[in-house]
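Asker: Before we start, here is the structure in question, set down as structure tokens.
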Amino acid sequence: MKTILSALIFILIAIMVMQNQLFAAVLLAGWFTWRVGAFLLLPLAIMLDGYFGAFYDVPVITLCAIAWYGVSEFVRPRLLMHYKEYEKA
Amino acid sequence: MKVHSRLNSKKTKEKRIARVLFGAGVVLLLGVTIPFLFTLVGRVVMYPIHSTNEWLRTSSSRLPMFLREQDELVDEIKRLENELAVAQSTDLTQQRLFEENMWLRELLSVHERERIAAAVIARPTELPYDLMQIDRGSDDSVQVGATVYVGADNVIGIVTYTAPSYSFVELFTTPGFSATAFISGPNVMTTLEGYGGGIARVSVPQGIPLTVGNLVYVPGIDPGVFGRVAYVENRPTQPEQYGYIVLPKPVTGINYVAVAKDVVAPTAPPTIEERVRELIKSALLVDTKNFTIGTSTPSTTPTTTPIEILP
């Protein structure tokens with residue numbers, strides 16, 4: 001169920017960016033990062049920049065996604081109280 | 001041992017993050033170097049999403065229509081909110097102007113005429129249409145010819161008969177009634193004529209921008225707002241266009257009216273205009289039959305030839 005929901009949210013983020021509903025896209029990306037992680041947002045951002053032809057200029061979405069990944073990977077462990085890796089250890 | 005294991009895990013994680021960031025940086029660099037390839041791949045991979053997006057944007061199916069209409073409704077709400085804000089500010093301006101007007105009237109010693117409140121005791125369809133009976137008569141100083149108002153300045157008719165305890169009011173909408181009226185907006189003087197059935201009519205020549213909502217005044221009465229143009233009949237083949245004015249309230253809904261205590265002799269603007277025009281004519285007209293040209297003698301200092309106009 002979680003996988004299906006995550007996949008739907010992933011597609012929805014792409015559609016929201018295409019629909020120029022950036023606020024909704026950011027909210028969904030936040031939720032996706034919290035539940036799944038920001039790693040998958042990187043290829044999506046690259047594909048979106050490719051779709052918009054942003055590599056001819058400045059690939060803003062990819063840059064934002066890289067920054068978001070960096071930030072989220074440092075912030076997420078502090079937000080999640082029962083982090084799996086710590087539990088294993 | 002446990003602490004050591006946690007430290008190892010943290011180090012591994014940091015390494016992973018660094019590797020991912022490095023990889024993303026390399027891909028970004030490649031993308032900037034060969035944008036054509038990335039654009040092509042991006043468009044191919046994103047094609048299903050693109051199709052979905054286009055379906056949402058252009059399809060006439062229920063879901064996309066619903067979503068689009070929702071957006072339109074949100075825009076409509078925003079537009080209406082803006083309009084409301086503008087209307088509120090206009091209302092404030094109107095109130096300020098009204099207060100300023102009252103203040104200026106006070107300064108100029110313009111006093112409101114006294115009025116008598118009267119209840120409507122008979123109206124159409126009990127009486128012939130465009131006639132009302134009120135419960136005040138000559139005992140209450142109601143005079144024939146007094147103007148009758150609904151509200152502060154909406155004049156609706158004239159008292160035509162008074163008995164000691166009641167009076168009859170003939171509305172401006174009575175067939176055959178006519179008065180000089182001024183239409184605000186196109187700013188033209190015209191004749192208001194009763195049409196019957198609670199409707200009055202103004203006629204203006206073609207080409208004058210008569211529109212629905214134009215205020216119609218009866219300048220012979222102060223304050224004399226009669227109403228607004230509710231409908232415009234404009235046939236291009238006719239030389240005139242007609243504006244129909246209805247009473248501010250339906251006749252059956254008028255329960256109370258205000259009757260002016262004094263009868264004001266109405267001033268007819270066309271008469272004034274005619275007089276002014278005559279005065280202007282006489283002031284500019286030079287009577288060529290009765291004038292002499294004076295001459296100067298050579299002994300005196302030369303002067304210009306004066307023209308004496310004899311009366």
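Lettering and numbering for the structure tokens are positional, with chains as A, B, ... in the shown order, residues counted from 1 in each chain, and ligands counted from 1 in the shown order.
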Give me, as an mmCIF file with C-alpha atoms, in the first residue's frame, the residues of chain A touching chain B, with the criterion being at most 10 Å (counting only C-alpha atoms).
Answerer:
```cif
data_model
loop_
_atom_site.group_PDB
_atom_site.id
_atom_site.type_symbol
_atom_site.label_atom_id
_atom_site.label_comp_id
_atom_site.auth_asym_id
_atom_site.auth_seq_id
_atom_site.Cartn_x
_atom_site.Cartn_y
_atom_site.Cartn_z
ATOM 1 C CA ILE A 11 3.894 10.735 -10.503
ATOM 2 C CA LEU A 12 1.769 13.478 -9.000
ATOM 3 C CA ALA A 14 5.823 15.359 -11.924
ATOM 4 C CA ILE A 15 2.307 16.336 -13.019
ATOM 5 C CA MET A 16 2.162 19.196 -10.536
ATOM 6 C CA VAL A 17 5.451 20.596 -11.833
ATOM 7 C CA MET A 18 4.113 20.331 -15.388
ATOM 8 C CA GLN A 19 0.858 22.030 -14.349
ATOM 9 C CA PHE A 39 17.039 10.029 -3.543
ATOM 10 C CA LEU A 42 16.995 13.311 -8.180
ATOM 11 C CA PRO A 43 16.275 11.276 -11.360
ATOM 12 C CA LEU A 44 12.810 12.842 -11.513
ATOM 13 C CA ALA A 45 14.322 16.323 -11.381
ATOM 14 C CA ILE A 46 16.849 15.417 -14.074
ATOM 15 C CA MET A 47 14.071 14.047 -16.299
ATOM 16 C CA LEU A 48 11.910 17.138 -15.734
ATOM 17 C CA ASP A 49 14.793 19.428 -16.613
ATOM 18 C CA GLY A 50 15.418 17.307 -19.686
ATOM 19 C CA TYR A 51 11.737 17.531 -20.625
ATOM 20 C CA PHE A 52 11.710 21.315 -20.250
ATOM 21 C CA GLY A 53 15.040 21.601 -22.087
ATOM 22 C CA ALA A 54 16.576 23.285 -19.064
ATOM 23 C CA PHE A 55 20.004 21.745 -19.704
ATOM 24 C CA TYR A 56 20.474 24.277 -22.486
ATOM 25 C CA ASP A 57 20.304 26.934 -19.810
ATOM 26 C CA VAL A 58 20.320 26.370 -16.022
ATOM 27 C CA PRO A 59 18.790 23.090 -14.747
ATOM 28 C CA THR A 62 18.000 19.395 -10.657
ATOM 29 C CA LEU A 63 20.015 21.893 -8.640
ATOM 30 C CA ALA A 65 16.748 18.533 -5.945
ATOM 31 C CA ILE A 66 20.456 18.031 -5.206
ATOM 32 C CA ALA A 67 20.322 20.717 -2.522
ATOM 33 C CA TYR A 69 18.685 15.752 -1.038
ATOM 34 C CA GLY A 70 21.692 17.075 0.880
ATOM 35 C CA GLU A 73 19.556 13.472 4.440
ATOM 36 C CA PHE A 74 20.939 15.476 7.331
ATOM 37 C CA GLU A 85 19.658 1.661 10.957
ATOM 38 C CA TYR A 86 20.023 2.638 14.581
ATOM 39 C CA GLU A 87 17.499 -0.004 15.555
ATOM 40 C CA LYS A 88 19.519 -2.688 13.733
ATOM 41 C CA ALA A 89 22.681 -1.523 15.418
#
```
Asker: Find the residues around Ala119 of chain B up to 7 Å (only C-alpha atoms counted), leave out those fewer than 6 positions away in its own chain, and share them as a count of residues only.
Answerer: 5
Asker: What gap, in Å, lies between atom CA of Ala260 of chain B and atom CA of Ala152 of chain B?
Answerer: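 So the answer is 11.3 Å.
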Asker: Please report the interatomic distance between atom CA of Asp139 of chain B and atom CA of Ala163 of chain B in Å with one decimal.
Answerer: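 Interatomic distance here is 8.1 Å.
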Asker: By how many Å are atom CA of Ile116 of chain B and atom CA of Leu171 of chain B apart?
Answerer: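 Between these atoms lies a distance of 17.4 Å.
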Asker: If we count only C-alpha atoms, what is near Glu114 of chain B at a cut-off of 12 Å, once residues fewer than 4 positions away on the same chain are taken out, given as number ranges by chain?
Answerer: B: 141-142, 146-149, 152, 258-264
Asker: Between B:Leu67, B:Leu210, B:Val155, B:Ile77, which one has atoms that come closest to Tyr231 of chain B, using only C-alpha atoms?
Answerer: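 Distance minimum relative to Tyr231 of chain B lands on B:Leu210.
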Asker: Pick out the residues sitting within 7 Å of segment 186-201 of chain B, and hand them over as a ChimeraX atom specification; count only C-alpha atoms, and ignore anything fewer than 3 positions along from it in its own chain.
Answerer: /B:129-130,172-183,204,208-210,242-247
Asker: When you count only C-alpha atoms, which of these residues is closest to Lys2 of chain A: A:Phe23, A:Val75, A:Leu28, A:Val36?
Answerer: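 Among A:Phe23, A:Val75, A:Leu28, A:Val36, it is A:Val36 that comes nearest to Lys2 of chain A.
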Asker: From segment 76-202 of chain B, collect each residue whose DSSP state is strand (DSSP E or B) and return the set as a ChimeraX atom specification.
Answerer: /B:115-122,131-134,147-150,154-162,167-171,178-183,188-196,199-202
Asker: If you keep C-alpha atoms, can you produce a file of those selected residues as a compact mmCIF listing (two decimals), in the first residue's frame?
Answerer:
```txt
# COMPACT_ATOMS: atom_id res chain seq x y z
CA ARG B 115 -42.53 66.64 4.61
CA ILE B 116 -45.53 64.78 5.91
CA ALA B 117 -45.42 61.03 6.29
CA ALA B 118 -48.46 59.31 4.92
CA ALA B 119 -49.59 55.73 4.67
CA VAL B 120 -50.88 54.36 1.39
CA ILE B 121 -54.43 53.18 1.94
CA ALA B 122 -55.34 52.24 -1.62
CA LEU B 131 -53.13 56.33 -8.80
CA MET B 132 -52.65 56.05 -5.06
CA GLN B 133 -54.72 57.10 -2.08
CA ILE B 134 -52.93 58.30 1.06
CA THR B 147 -44.70 66.28 -4.64
CA VAL B 148 -44.72 62.77 -3.22
CA TYR B 149 -41.53 60.88 -2.41
CA VAL B 150 -40.48 57.36 -1.64
CA ASN B 154 -37.16 59.44 -5.11
CA VAL B 155 -40.05 61.53 -6.41
CA ILE B 156 -42.91 59.39 -7.68
CA GLY B 157 -45.90 61.64 -8.23
CA ILE B 158 -47.99 64.67 -7.42
CA VAL B 159 -51.03 65.15 -5.20
CA THR B 160 -53.99 65.80 -7.51
CA TYR B 161 -56.89 65.85 -5.08
CA THR B 162 -57.20 66.48 -1.38
CA SER B 167 -55.63 62.57 -0.81
CA PHE B 168 -55.05 61.10 -4.22
CA VAL B 169 -51.61 60.93 -5.76
CA GLU B 170 -51.10 60.70 -9.47
CA LEU B 171 -47.90 58.89 -10.30
CA SER B 178 -45.21 64.64 -19.09
CA ALA B 179 -42.35 66.50 -17.44
CA THR B 180 -38.98 67.81 -18.49
CA ALA B 181 -36.36 65.31 -17.41
CA PHE B 182 -32.61 65.23 -17.31
CA ILE B 183 -30.80 61.96 -18.04
CA VAL B 188 -29.39 65.31 -22.07
CA MET B 189 -32.66 67.08 -21.40
CA THR B 190 -35.72 65.32 -22.71
CA THR B 191 -39.37 64.80 -21.94
CA LEU B 192 -40.48 62.16 -19.52
CA GLU B 193 -43.87 60.76 -20.35
CA GLY B 194 -46.06 58.40 -18.44
CA TYR B 195 -46.55 55.10 -20.19
CA GLY B 196 -48.95 53.45 -17.75
CA ILE B 199 -43.68 52.63 -16.36
CA ALA B 200 -42.50 55.98 -17.68
CA ARG B 201 -40.59 56.60 -20.87
CA VAL B 202 -37.96 59.01 -22.12
```
Asker: As JSON, numbers by chain, please: every residue in segment 100-148 of chain B that DSSP puts in helix (DSSP H, G or I).
Answerer: {"B": [100, 101, 102, 103, 104, 105, 106, 107, 138, 139, 140]}
